[in-house]
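*Asks:* This is the content of entry-v9.pdb (PDB, C-alpha atoms, pLDDT in the B column):
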ATOM      1  CA  MET A   1      38.432  44.760 -12.387  1.00 47.00           C
ATOM      2  CA  GLU A   2      35.222  44.058 -14.256  1.00 45.00           C
ATOM      3  CA  ALA A   3      35.049  40.514 -15.631  1.00 47.00           C
ATOM      4  CA  PRO A   4      35.261  40.347 -19.430  1.00 47.00           C
ATOM      5  CA  HIS A   5      32.006  39.744 -21.232  1.00 47.00           C
ATOM      6  CA  SER A   6      31.719  37.050 -23.852  1.00 46.00           C
ATOM      7  CA  SER A   7      29.568  37.752 -26.870  1.00 49.00           C
ATOM      8  CA  PRO A   8      26.730  35.415 -27.628  1.00 49.00           C
ATOM      9  CA  ALA A   9      27.056  33.121 -30.578  1.00 49.00           C
ATOM     10  CA  VAL A  10      25.094  33.984 -33.700  1.00 46.00           C
ATOM     11  CA  ASP A  11      23.513  31.769 -36.310  1.00 49.00           C
ATOM     12  CA  SER A  12      23.876  32.109 -40.055  1.00 47.00           C
ATOM     13  CA  THR A  13      21.394  35.027 -40.127  1.00 49.00           C
ATOM     14  CA  GLY A  14      23.232  36.997 -37.483  1.00 51.00           C
ATOM     15  CA  THR A  15      20.625  36.315 -34.818  1.00 48.00           C
ATOM     16  CA  PRO A  16      22.055  35.680 -31.318  1.00 50.00           C
ATOM     17  CA  VAL A  17      21.633  32.134 -30.082  1.00 47.00           C
ATOM     18  CA  PRO A  18      19.902  32.157 -26.620  1.00 50.00           C
ATOM     19  CA  GLY A  19      21.892  30.829 -23.686  1.00 47.00           C
ATOM     20  CA  THR A  20      25.387  31.358 -25.188  1.00 48.00           C
ATOM     21  CA  GLY A  21      26.218  34.755 -23.699  1.00 47.00           C
ATOM     22  CA  THR A  22      27.589  35.619 -20.302  1.00 45.00           C
ATOM     23  CA  PRO A  23      25.862  33.509 -17.585  1.00 47.00           C
ATOM     24  CA  GLY A  24      24.220  35.075 -14.540  1.00 45.00           C
ATOM     25  CA  THR A  25      23.775  38.551 -16.079  1.00 44.00           C
ATOM     26  CA  GLY A  26      20.030  38.797 -16.312  1.00 45.00           C
ATOM     27  CA  PRO A  27      16.650  37.115 -16.232  1.00 42.00           C
ATOM     28  CA  SER A  28      15.696  34.138 -18.284  1.00 42.00           C
ATOM     29  CA  VAL A  29      14.650  34.710 -21.873  1.00 40.00           C
ATOM     30  CA  PRO A  30      10.862  34.422 -22.273  1.00 43.00           C
ATOM     31  CA  GLY A  31       9.816  31.606 -24.521  1.00 43.00           C
ATOM     32  CA  THR A  32      13.113  29.749 -24.354  1.00 44.00           C
ATOM     33  CA  GLY A  33      13.094  28.180 -20.918  1.00 43.00           C
ATOM     34  CA  THR A  34      16.682  29.381 -20.372  1.00 39.00           C
ATOM     35  CA  SER A  35      17.382  29.388 -16.643  1.00 38.00           C
ATOM     36  CA  VAL A  36      19.159  32.038 -14.619  1.00 37.00           C
ATOM     37  CA  PRO A  37      22.101  30.349 -12.862  1.00 41.00           C
ATOM     38  CA  GLY A  38      21.678  30.170  -9.088  1.00 40.00           C
ATOM     39  CA  THR A  39      18.023  31.226  -8.979  1.00 41.00           C
ATOM     40  CA  GLY A  40      16.151  27.966  -9.466  1.00 43.00           C
ATOM     41  CA  THR A  41      14.717  25.804 -12.199  1.00 40.00           C
ATOM     42  CA  SER A  42      13.262  27.386 -15.304  1.00 39.00           C
ATOM     43  CA  VAL A  43       9.828  26.450 -16.568  1.00 38.00           C
ATOM     44  CA  PRO A  44      10.160  25.558 -20.256  1.00 41.00           C
ATOM     45  CA  GLY A  45       8.379  27.931 -22.591  1.00 41.00           C
ATOM     46  CA  THR A  46       7.476  30.526 -19.949  1.00 40.00           C
ATOM     47  CA  GLY A  47      10.664  32.280 -19.010  1.00 41.00           C
ATOM     48  CA  THR A  48       9.608  31.937 -15.367  1.00 39.00           C
ATOM     49  CA  SER A  49      12.119  30.674 -12.810  1.00 38.00           C
ATOM     50  CA  VAL A  50      10.827  28.481  -9.959  1.00 36.00           C
ATOM     51  CA  PRO A  51      12.796  28.959  -6.705  1.00 39.00           C
ATOM     52  CA  ASP A  52      14.594  25.856  -5.520  1.00 38.00           C
ATOM     53  CA  THR A  53      13.088  25.227  -2.077  1.00 35.00           C
ATOM     54  CA  GLY A  54      14.345  21.681  -1.604  1.00 36.00           C
ATOM     55  CA  THR A  55      10.769  20.499  -1.070  1.00 33.00           C
ATOM     56  CA  SER A  56       9.786  17.229  -2.722  1.00 34.00           C
ATOM     57  CA  VAL A  57       6.992  17.306  -5.284  1.00 34.00           C
ATOM     58  CA  PRO A  58       3.714  16.082  -3.768  1.00 40.00           C
ATOM     59  CA  ASP A  59       2.084  12.914  -5.059  1.00 47.00           C
ATOM     60  CA  THR A  60      -0.041  14.150  -7.957  1.00 46.00           C
ATOM     61  CA  GLY A  61      -2.180  11.018  -7.668  1.00 54.00           C
ATOM     62  CA  THR A  62      -3.597  12.204  -4.347  1.00 60.00           C
ATOM     63  CA  ALA A  63      -6.934  13.815  -5.107  1.00 73.00           C
ATOM     64  CA  VAL A  64      -7.761  14.910  -1.575  1.00 90.00           C
ATOM     65  CA  THR A  65      -6.638  14.447   2.027  1.00 94.00           C
ATOM     66  CA  VAL A  66      -8.989  14.693   5.005  1.00 95.00           C
ATOM     67  CA  THR A  67      -7.727  14.490   8.611  1.00 94.00           C
ATOM     68  CA  LEU A  68     -10.117  13.812  11.477  1.00 95.00           C
ATOM     69  CA  THR A  69      -9.735  13.359  15.233  1.00 94.00           C
ATOM     70  CA  VAL A  70     -11.643  10.434  16.750  1.00 95.00           C
ATOM     71  CA  GLU A  71     -12.081  10.374  20.526  1.00 93.00           C
ATOM     72  CA  SER A  72     -13.455   6.860  21.125  1.00 94.00           C
ATOM     73  CA  PRO A  73     -14.211   3.455  19.546  1.00 95.00           C
ATOM     74  CA  GLU A  74     -17.834   4.569  19.204  1.00 96.00           C
ATOM     75  CA  GLN A  75     -16.770   7.561  17.150  1.00 97.00           C
ATOM     76  CA  MET A  76     -14.493   5.349  15.048  1.00 97.00           C
ATOM     77  CA  GLN A  77     -17.417   3.060  14.271  1.00 97.00           C
ATOM     78  CA  ASP A  78     -19.578   6.075  13.447  1.00 97.00           C
ATOM     79  CA  LEU A  79     -16.887   7.299  11.057  1.00 97.00           C
ATOM     80  CA  GLY A  80     -17.131   3.938   9.311  1.00 97.00           C
ATOM     81  CA  ARG A  81     -20.887   4.388   8.909  1.00 97.00           C
ATOM     82  CA  ARG A  82     -20.361   7.867   7.454  1.00 95.00           C
ATOM     83  CA  LEU A  83     -17.690   6.602   5.076  1.00 96.00           C
ATOM     84  CA  ALA A  84     -19.980   3.793   3.900  1.00 97.00           C
ATOM     85  CA  ARG A  85     -22.325   6.404   2.432  1.00 95.00           C
ATOM     86  CA  VAL A  86     -19.701   7.424  -0.139  1.00 95.00           C
ATOM     87  CA  LEU A  87     -18.497   3.924  -1.071  1.00 96.00           C
ATOM     88  CA  ALA A  88     -19.530   2.184  -4.283  1.00 95.00           C
ATOM     89  CA  PRO A  89     -18.915  -1.190  -5.972  1.00 95.00           C
ATOM     90  CA  GLY A  90     -15.296  -1.520  -7.063  1.00 92.00           C
ATOM     91  CA  ASP A  91     -13.897   0.735  -4.334  1.00 95.00           C
ATOM     92  CA  LEU A  92     -10.656  -0.322  -2.658  1.00 92.00           C
ATOM     93  CA  VAL A  93     -10.081   0.875   0.914  1.00 95.00           C
ATOM     94  CA  MET A  94      -6.645   0.280   2.472  1.00 93.00           C
ATOM     95  CA  LEU A  95      -6.359   0.506   6.265  1.00 95.00           C
ATOM     96  CA  THR A  96      -3.038   1.191   7.959  1.00 94.00           C
ATOM     97  CA  GLY A  97      -2.394   1.422  11.705  1.00 93.00           C
ATOM     98  CA  GLU A  98      -0.735  -0.299  14.637  1.00 89.00           C
ATOM     99  CA  LEU A  99      -2.329  -3.265  16.379  1.00 87.00           C
ATOM    100  CA  GLY A 100      -5.329  -2.012  18.313  1.00 88.00           C
ATOM    101  CA  ALA A 101      -5.470   1.273  16.424  1.00 92.00           C
ATOM    102  CA  GLY A 102      -9.073   0.707  15.368  1.00 94.00           C
ATOM    103  CA  LYS A 103      -8.927  -0.748  11.844  1.00 94.00           C
ATOM    104  CA  THR A 104     -11.481  -3.485  12.532  1.00 93.00           C
ATOM    105  CA  THR A 105     -13.689  -1.088  14.507  1.00 95.00           C
ATOM    106  CA  LEU A 106     -13.794   1.232  11.503  1.00 97.00           C
ATOM    107  CA  THR A 107     -14.588  -1.705   9.220  1.00 96.00           C
ATOM    108  CA  ARG A 108     -17.417  -2.754  11.554  1.00 96.00           C
ATOM    109  CA  GLY A 109     -18.959   0.665  11.009  1.00 97.00           C
ATOM    110  CA  LEU A 110     -18.499   0.256   7.260  1.00 97.00           C
ATOM    111  CA  GLY A 111     -20.347  -3.039   7.381  1.00 97.00           C
ATOM    112  CA  GLU A 112     -23.228  -1.490   9.300  1.00 97.00           C
ATOM    113  CA  GLY A 113     -23.409   1.425   6.890  1.00 97.00           C
ATOM    114  CA  LEU A 114     -23.355  -0.864   3.853  1.00 97.00           C
ATOM    115  CA  GLY A 115     -26.030  -3.112   5.342  1.00 97.00           C
ATOM    116  CA  VAL A 116     -24.144  -6.396   5.006  1.00 97.00           C
ATOM    117  CA  ARG A 117     -24.744  -9.744   6.669  1.00 95.00           C
ATOM    118  CA  GLY A 118     -22.645 -11.121   9.504  1.00 91.00           C
ATOM    119  CA  ALA A 119     -20.592  -9.621  12.286  1.00 89.00           C
ATOM    120  CA  VAL A 120     -17.432  -7.876  11.114  1.00 91.00           C
ATOM    121  CA  THR A 121     -14.471  -9.162  13.119  1.00 88.00           C
ATOM    122  CA  SER A 122     -10.743  -9.322  12.592  1.00 81.00           C
ATOM    123  CA  PRO A 123     -10.017 -11.630   9.629  1.00 70.00           C
ATOM    124  CA  THR A 124      -6.534 -12.504  10.922  1.00 66.00           C
ATOM    125  CA  PHE A 125      -7.049 -16.267  11.049  1.00 70.00           C
ATOM    126  CA  VAL A 126      -9.030 -16.617   7.826  1.00 73.00           C
ATOM    127  CA  ILE A 127      -7.277 -13.869   5.792  1.00 82.00           C
ATOM    128  CA  ALA A 128     -10.538 -12.802   4.142  1.00 85.00           C
ATOM    129  CA  ARG A 129     -14.254 -12.752   4.820  1.00 89.00           C
ATOM    130  CA  VAL A 130     -17.096 -11.919   2.458  1.00 90.00           C
ATOM    131  CA  HIS A 131     -20.167 -10.192   3.882  1.00 94.00           C
ATOM    132  CA  PRO A 132     -23.037 -10.261   1.353  1.00 95.00           C
ATOM    133  CA  SER A 133     -25.371  -7.293   1.174  1.00 96.00           C
ATOM    134  CA  LEU A 134     -28.807  -7.457   2.760  1.00 97.00           C
ATOM    135  CA  VAL A 135     -30.004  -4.339   0.922  1.00 96.00           C
ATOM    136  CA  GLN A 136     -29.134  -5.085  -2.720  1.00 93.00           C
ATOM    137  CA  GLY A 137     -25.894  -3.166  -2.379  1.00 95.00           C
ATOM    138  CA  PRO A 138     -22.250  -4.189  -2.792  1.00 96.00           C
ATOM    139  CA  ALA A 139     -20.782  -7.000  -0.701  1.00 95.00           C
ATOM    140  CA  LEU A 140     -18.043  -6.167   1.778  1.00 96.00           C
ATOM    141  CA  VAL A 141     -14.797  -8.104   1.325  1.00 92.00           C
ATOM    142  CA  HIS A 142     -12.688  -7.743   4.486  1.00 92.00           C
ATOM    143  CA  VAL A 143      -9.068  -8.844   4.013  1.00 89.00           C
ATOM    144  CA  ASP A 144      -6.093  -9.090   6.356  1.00 85.00           C
ATOM    145  CA  ALA A 145      -3.068  -8.823   4.058  1.00 82.00           C
ATOM    146  CA  TYR A 146      -0.462  -9.159   6.796  1.00 78.00           C
ATOM    147  CA  ARG A 147       0.659 -12.565   5.510  1.00 73.00           C
ATOM    148  CA  LEU A 148      -0.018 -11.914   1.822  1.00 73.00           C
ATOM    149  CA  GLY A 149       2.757 -11.180  -0.615  1.00 68.00           C
ATOM    150  CA  GLY A 150       0.402  -8.935  -2.542  1.00 62.00           C
ATOM    151  CA  GLY A 151      -1.170  -8.695  -5.952  1.00 63.00           C
ATOM    152  CA  LEU A 152      -4.336  -9.579  -7.783  1.00 62.00           C
ATOM    153  CA  ASP A 153      -3.336 -13.224  -8.290  1.00 68.00           C
ATOM    154  CA  GLU A 154      -3.141 -13.847  -4.556  1.00 69.00           C
ATOM    155  CA  MET A 155      -6.489 -12.178  -4.020  1.00 67.00           C
ATOM    156  CA  GLU A 156      -8.038 -14.462  -6.633  1.00 64.00           C
ATOM    157  CA  ASP A 157      -6.339 -17.471  -5.032  1.00 70.00           C
ATOM    158  CA  LEU A 158      -8.401 -16.833  -1.906  1.00 67.00           C
ATOM    159  CA  ASP A 159     -11.379 -18.319  -3.809  1.00 59.00           C
ATOM    160  CA  LEU A 160     -13.654 -15.513  -2.723  1.00 61.00           C
ATOM    161  CA  ASP A 161     -17.206 -16.251  -3.777  1.00 56.00           C
ATOM    162  CA  VAL A 162     -17.666 -12.713  -5.054  1.00 70.00           C
ATOM    163  CA  SER A 163     -16.676 -10.512  -7.982  1.00 77.00           C
ATOM    164  CA  LEU A 164     -14.245  -7.906  -6.696  1.00 79.00           C
ATOM    165  CA  PRO A 165     -15.380  -5.148  -9.129  1.00 88.00           C
ATOM    166  CA  GLU A 166     -18.902  -5.533  -7.704  1.00 91.00           C
ATOM    167  CA  SER A 167     -17.787  -5.316  -4.064  1.00 94.00           C
ATOM    168  CA  VAL A 168     -16.264  -2.887  -1.606  1.00 95.00           C
ATOM    169  CA  VAL A 169     -12.857  -4.330  -0.717  1.00 92.00           C
ATOM    170  CA  VAL A 170     -11.350  -3.308   2.636  1.00 94.00           C
ATOM    171  CA  VAL A 171      -7.762  -4.456   3.198  1.00 90.00           C
ATOM    172  CA  GLU A 172      -5.913  -4.193   6.491  1.00 90.00           C
ATOM    173  CA  TRP A 173      -2.101  -4.045   6.211  1.00 86.00           C
ATOM    174  CA  GLY A 174      -2.466  -3.561   2.463  1.00 82.00           C
ATOM    175  CA  ASP A 175       0.223  -0.951   1.769  1.00 83.00           C
ATOM    176  CA  GLY A 176       2.646  -2.162  -0.899  1.00 79.00           C
ATOM    177  CA  LYS A 177       0.583  -5.296  -1.540  1.00 77.00           C
ATOM    178  CA  VAL A 178      -2.759  -4.597  -3.159  1.00 82.00           C
ATOM    179  CA  GLU A 179      -2.411  -1.252  -4.946  1.00 82.00           C
ATOM    180  CA  GLU A 180      -2.599  -2.965  -8.336  1.00 80.00           C
ATOM    181  CA  LEU A 181      -6.177  -3.978  -7.625  1.00 81.00           C
ATOM    182  CA  SER A 182      -7.280  -0.433  -8.472  1.00 85.00           C
ATOM    183  CA  GLU A 183      -5.727   2.812  -9.702  1.00 88.00           C
ATOM    184  CA  ASP A 184      -8.325   4.656  -7.614  1.00 92.00           C
ATOM    185  CA  ARG A 185      -8.132   3.781  -3.927  1.00 94.00           C
ATOM    186  CA  LEU A 186      -8.735   5.226  -0.505  1.00 95.00           C
ATOM    187  CA  ARG A 187      -5.942   4.974   2.055  1.00 95.00           C
ATOM    188  CA  VAL A 188      -6.945   5.300   5.698  1.00 96.00           C
ATOM    189  CA  LEU A 189      -4.104   5.929   8.162  1.00 96.00           C
ATOM    190  CA  ILE A 190      -4.959   5.585  11.853  1.00 96.00           C
ATOM    191  CA  ASP A 191      -2.439   7.027  14.298  1.00 94.00           C
ATOM    192  CA  ARG A 192      -2.659   6.247  18.002  1.00 84.00           C
ATOM    193  CA  ALA A 193      -0.634   7.066  21.078  1.00 69.00           C
ATOM    194  CA  THR A 194       1.977   4.370  21.607  1.00 65.00           C
ATOM    195  CA  GLY A 195       3.264   2.916  24.849  1.00 62.00           C
ATOM    196  CA  ASP A 196       1.457   2.083  28.070  1.00 56.00           C
ATOM    197  CA  THR A 197      -1.558   4.376  27.707  1.00 65.00           C
ATOM    198  CA  ASP A 198      -5.333   4.179  27.823  1.00 73.00           C
ATOM    199  CA  ASP A 199      -5.752   7.162  25.521  1.00 83.00           C
ATOM    200  CA  GLU A 200      -8.431   6.284  22.957  1.00 90.00           C
ATOM    201  CA  ARG A 201      -7.914   9.355  20.817  1.00 92.00           C
ATOM    202  CA  ARG A 202      -6.969   8.625  17.213  1.00 95.00           C
ATOM    203  CA  GLU A 203      -5.997  10.793  14.291  1.00 95.00           C
ATOM    204  CA  VAL A 204      -7.467   9.418  11.084  1.00 97.00           C
ATOM    205  CA  THR A 205      -6.118  10.569   7.723  1.00 96.00           C
ATOM    206  CA  LEU A 206      -8.100   9.732   4.600  1.00 96.00           C
ATOM    207  CA  MET A 207      -6.069   9.956   1.397  1.00 95.00           C
ATOM    208  CA  GLY A 208      -8.022   9.613  -1.828  1.00 95.00           C
ATOM    209  CA  ILE A 209      -5.856   8.423  -4.713  1.00 94.00           C
ATOM    210  CA  GLY A 210      -7.248   9.099  -8.178  1.00 92.00           C
ATOM    211  CA  PRO A 211     -10.135  11.160  -9.553  1.00 92.00           C
ATOM    212  CA  ARG A 212     -12.717   8.846  -7.968  1.00 93.00           C
ATOM    213  CA  TRP A 213     -12.107  10.557  -4.604  1.00 93.00           C
ATOM    214  CA  ALA A 214     -11.938  14.190  -5.703  1.00 91.00           C
ATOM    215  CA  GLY A 215     -15.182  15.030  -3.888  1.00 90.00           C
ATOM    216  CA  LEU A 216     -14.433  13.097  -0.695  1.00 91.00           C
ATOM    217  CA  ARG A 217     -14.290  16.138   1.593  1.00 89.00           C
ATOM    218  CA  ASP A 218     -17.707  17.376   0.507  1.00 90.00           C
ATOM    219  CA  GLU A 219     -19.236  13.903   0.577  1.00 89.00           C
ATOM    220  CA  LEU A 220     -18.163  13.367   4.189  1.00 86.00           C
ATOM    221  CA  ALA A 221     -19.437  16.753   5.352  1.00 78.00           C
TER     222      ALA A 221
END
In structure tokens, write the structure found in this file.
*Replies:*
Amino acid sequence: MEAPHSSPAVDSTGTPVPGTGTPGTGPSVPGTGTSVPGTGTSVPGTGTSVPDTGTSVPDTGTAVTVTLTVESPEQMQDLGRRLARVLAPGDLVMLTGELGAGKTTLTRGLGEGLGVRGAVTSPTFVIARVHPSLVQGPALVHVDAYRLGGGLDEMEDLDLDVSLPESVVVVEWGDGKVEELSEDRLRVLIDRATGDTDDERREVTLMGIGPRWAGLRDELA
């Protein structure tokens, strides 16, 4: 037997009120955002239904993602030199990777590309090192945030003899700790083979957060 139909409600002028009739009998009403039960989520004001795929919404703050394969420490250092060409004062670069993945090697290339003074080494025992520019460019501030709780106050407590907005700040182990230093930042994820292996291949993912990095792919080409 056919299911009974319910009539839509009407307002004082006799005009049907959208969304009060029998559900599931037709497409959404353009201009109302009324969804069709069981088909997905309606887009307000368009009448268009978006299928429910169960996929999470991507981070809209990510301007661009570039993935590269690096075959050796020499190539990792060269990548740092290439990346240095696109860096500017005030940039925040966050490095993430297991011990021995190549974070400091990449930073060494950055230092060479920026033309700073002093050898770039792991800052583990001093937390932070400042490398002044030798070419009238930005200083390089190299930070190991492994033991930092995070935040701008702790960075300032390091008594760095440099103005952070006038420097390139590179932070190892910075995820969840130093994001508030800048809304625009570059995350560098270095993945390596784990276990007892001599494989030097790395997959490096550059994730530009914010409009500052919208042209990263072209700038690295």
*Asks:* What is the CA of Glu172 (chain A) to CA of Val120 (chain A) distance in Å?
*Replies:*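 Calculated distance between CA of Glu172 (chain A) and CA of Val120 (chain A) is 12.9 Å.
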*Asks:* Applied to this file, what does the PyMOL selection byres ((chain A and resi 218) around 12) return in terms of residues, put as a list in words?
*Replies:*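 Applied to this file, the PyMOL selection byres ((chain A and resi 218) around 12) returns Val64, Thr65, Val66, Leu83, Val86, Trp213, Ala214, Gly215, Leu216, Arg217, Glu219, Leu220 and Ala221 of chain A.
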*Asks:* For the file shown, what are the residues hit by the PyMOL selection byres ((chain A and resi 122-139) around 10), laid out as a PyMOL selection string?
*Replies:* chain A and resi 87-91+103-105+107-108+111+114-121+140-148+155+158-172
*Asks:* Looking at A:Leu68, A:Leu92, A:Leu79, A:Leu99, which one is nearest to Arg202 (chain A), with distances taken over all atoms listed in the file?
*Replies:*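 Among the listed residues, A:Leu68 lies closest to Arg202 (chain A).
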*Asks:* Give me, please, the distance in Å between CA of Ser72 (chain A) and CA of Arg192 (chain A), quoted to one decimal.
*Replies:* 11.3 Å
*Asks:* Please report the interatomic distance between CA of Glu74 (chain A) and CA of Asp191 (chain A) in Å with one decimal.
*Replies:*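 Between these atoms lies a distance of 16.3 Å.
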*Asks:* Using the chain letters and residue numbers of this document, give as a PyMOL selection string the residues selected by the PyMOL selection byres ((chain A and resi 204) around 10).
*Replies:* chain A and resi 66-70+76+79+96-97+101-102+188-192+201-203+205-207
*Asks:* Using all atoms listed in the file, which residue out of A:Val178, A:Leu186, A:Ile209, A:Leu106 lies closest to Asp78 (chain A)?
*Replies:*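 Distance minimum relative to Asp78 (chain A) lands on A:Leu106.
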*Asks:* Looking at A:Asp184, A:Gly80, A:Gly176, A:Val93, which one is nearest to Gly210 (chain A), with distances taken over only C-alpha atoms?
*Replies:*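 Counting only C-alpha atoms, the residue closest to Gly210 (chain A) is A:Asp184.
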